[in-house]
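These notes concern the structure reproduced below.
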Amino acid sequence: MYVIGGGQSSQGALTMTGIGQAVPATPYRLAVCLHAWLINSGWQSYGIFHHDSSVNKQASLAVWNNNGGAITLATVYWSAGNETSWGSLGQNGRRMPDWLGIYDDGTTRFWQVSYDGLRWQTIASEARTTGGLTAPTHGGVYASGGQEVTVWSFEIA
C-alpha cells in the first residue's frame with residue numbers, strides 16, 4: 001500500500017506527484033486499485049498515467065473534482081508534471097470505479113475501468129502518441145491539487 005499526496009503550484013496550476021515503474025514490451029496492462037477522499041475546495045485529481053521520459057510528458061486517466069461538485073472522469077495531458085490540457089469522458093455523480101487501467105497494444109492506448117479488478121470496460125482509446133508522447137517508458141499512479149490517494153494494488157503485466 002502507498003499513500004500519495006498531490007501538489008499545487010504557487011500560481012494555482014495543478015502539478016502531479018506520483019509513483020511509477022518501467023513498462024514491459026507491449027502488449028501489457030497497468031492496473032491500479034485506488035481509494036481517495038475528495039476534498040471540497042479547488043481542483044483535485046488522481047489517476048493513472050503513461051510517462052515518456054524522452055520528452056518528459058504524461059498522459060493520464062483521471063478522476064477530477066472541482067469544489068465538491070460532480071466527479072468527472074477525464075483524459076489529462078501533462079508536460080514536465082504540469083497540466084497542459086484535458087478532455088472529459090463524462091460525469092458519474094459521486095461514485096467512480098476503484099480500479100483504473102491502461103491497456104497498451106503497441107499502437108493504441110485503451111483507458112479502462114473496473115469495479116472488481118477482473119472485468120474491464122474500455123471507456124476511451126487513442127493513438128499511443130496522443131498528448132505528445134513518442135513511446136511510453138513508464139506507467140504509474142498520481143495525485144494533484146492537494147489530493148491524497150491510497151494505492152491498494154499497483155501492477156503492470
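Identifiers in the C-alpha cells: chain A, B, ... in order shown; residue index from 1 per chain; ligand index from 1 in order shown.
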Give me, as a PyMOL selection string, the residues of region 19-122 of chain A that a backbone DSSP run labels strand (DSSP E or B). chain A and resi 19-22+28-36+43-52+57-66+72-79+82-91+99-104+108-114+121-122
Excluding region 30-33 of chain A and residues on its chain fewer than 3 positions from it, collect all residues at most 10 Å away from it, counting only C-alpha atoms, and give them as a ChimeraX atom specification. /A:1,23,47-50,97-104,111-117,120,138-141,150-157
Those same residues - C-alpha atoms - I'd like them written as a JSON list (two decimals), in the first residue's frame.
```
[["chain", "number", "residue", "atom", "x", "y", "z"],
["A", 1, "MET", "CA", 0.00, 0.00, 0.00],
["A", 23, "VAL", "CA", 6.62, -0.68, -18.67],
["A", 47, "GLY", "CA", -5.44, 8.59, -11.56],
["A", 48, "ILE", "CA", -3.05, 6.56, -13.65],
["A", 49, "PHE", "CA", -0.53, 7.74, -16.21],
["A", 50, "HIS", "CA", 1.80, 6.85, -19.06],
["A", 97, "PRO", "CA", -14.67, 2.69, -10.11],
["A", 98, "ASP", "CA", -11.85, 1.84, -7.69],
["A", 99, "TRP", "CA", -9.83, 0.20, -10.49],
["A", 100, "LEU", "CA", -8.31, 2.22, -13.34],
["A", 101, "GLY", "CA", -6.34, 0.65, -16.16],
["A", 102, "ILE", "CA", -4.28, 1.34, -19.25],
["A", 103, "TYR", "CA", -4.05, -1.40, -21.87],
["A", 104, "ASP", "CA", -1.33, -0.74, -24.46],
["A", 111, "TRP", "CA", -8.33, 3.72, -20.98],
["A", 112, "GLN", "CA", -10.22, 1.20, -18.86],
["A", 113, "VAL", "CA", -12.23, 1.00, -15.63],
["A", 114, "SER", "CA", -13.34, -1.87, -13.41],
["A", 115, "TYR", "CA", -15.40, -2.17, -10.24],
["A", 116, "ASP", "CA", -13.84, -5.51, -9.25],
["A", 117, "GLY", "CA", -10.39, -5.64, -10.92],
["A", 120, "TRP", "CA", -12.60, -4.33, -17.53],
["A", 138, "HIS", "CA", 6.79, 4.22, -17.51],
["A", 139, "GLY", "CA", 3.34, 3.74, -16.03],
["A", 140, "GLY", "CA", 2.08, 4.73, -12.62],
["A", 141, "VAL", "CA", -0.37, 6.45, -10.33],
["A", 150, "THR", "CA", -4.25, 5.42, -1.08],
["A", 151, "VAL", "CA", -2.99, 2.89, -3.63],
["A", 152, "TRP", "CA", -4.13, -0.62, -2.69],
["A", 153, "SER", "CA", -2.79, -2.51, -5.70],
["A", 154, "PHE", "CA", -0.36, -1.48, -8.43],
["A", 155, "GLU", "CA", 0.75, -3.90, -11.13],
["A", 156, "ILE", "CA", 1.92, -3.95, -14.71],
["A", 157, "ALA", "CA", 1.55, -7.25, -16.53]]
```
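CA of Ala22 (chain A) lies 17.2 Å from CA of Thr129 (chain A).
Checking A:Val76, A:Ile71, A:Val55, A:Leu61 one by one against Leu133 (chain A), counting only C-alpha atoms, you find the shortest gap at A:Val55.
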For CA of Asp105 (chain A) and CA of His35 (chain A), quote the distance in Å rounded to one decimal. 27.1 Å
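Closest approach to Thr108 (chain A) among A:Ala70, A:Met96, A:Ala127, A:Leu34: A:Ala127, based on only C-alpha atoms.
Those residues that approach Glu126 (chain A) to within 8 Å, counting only C-alpha atoms, are A:Thr108, A:Arg109, A:Phe110, A:Thr130; same-chain residues fewer than 3 positions away are not listed.
For the choices A:Ile123, A:Ala25, A:Ala36, A:Ala135, the atom-to-atom distance to Thr75 (chain A) is smallest for A:Ile123 when using only C-alpha atoms.
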Would you mind telling me which residue in A:Pro27, A:Gly87, A:Gly131, A:Gly18 lies nearest to Tyr46 (chain A) when using only C-alpha atoms? A:Gly18
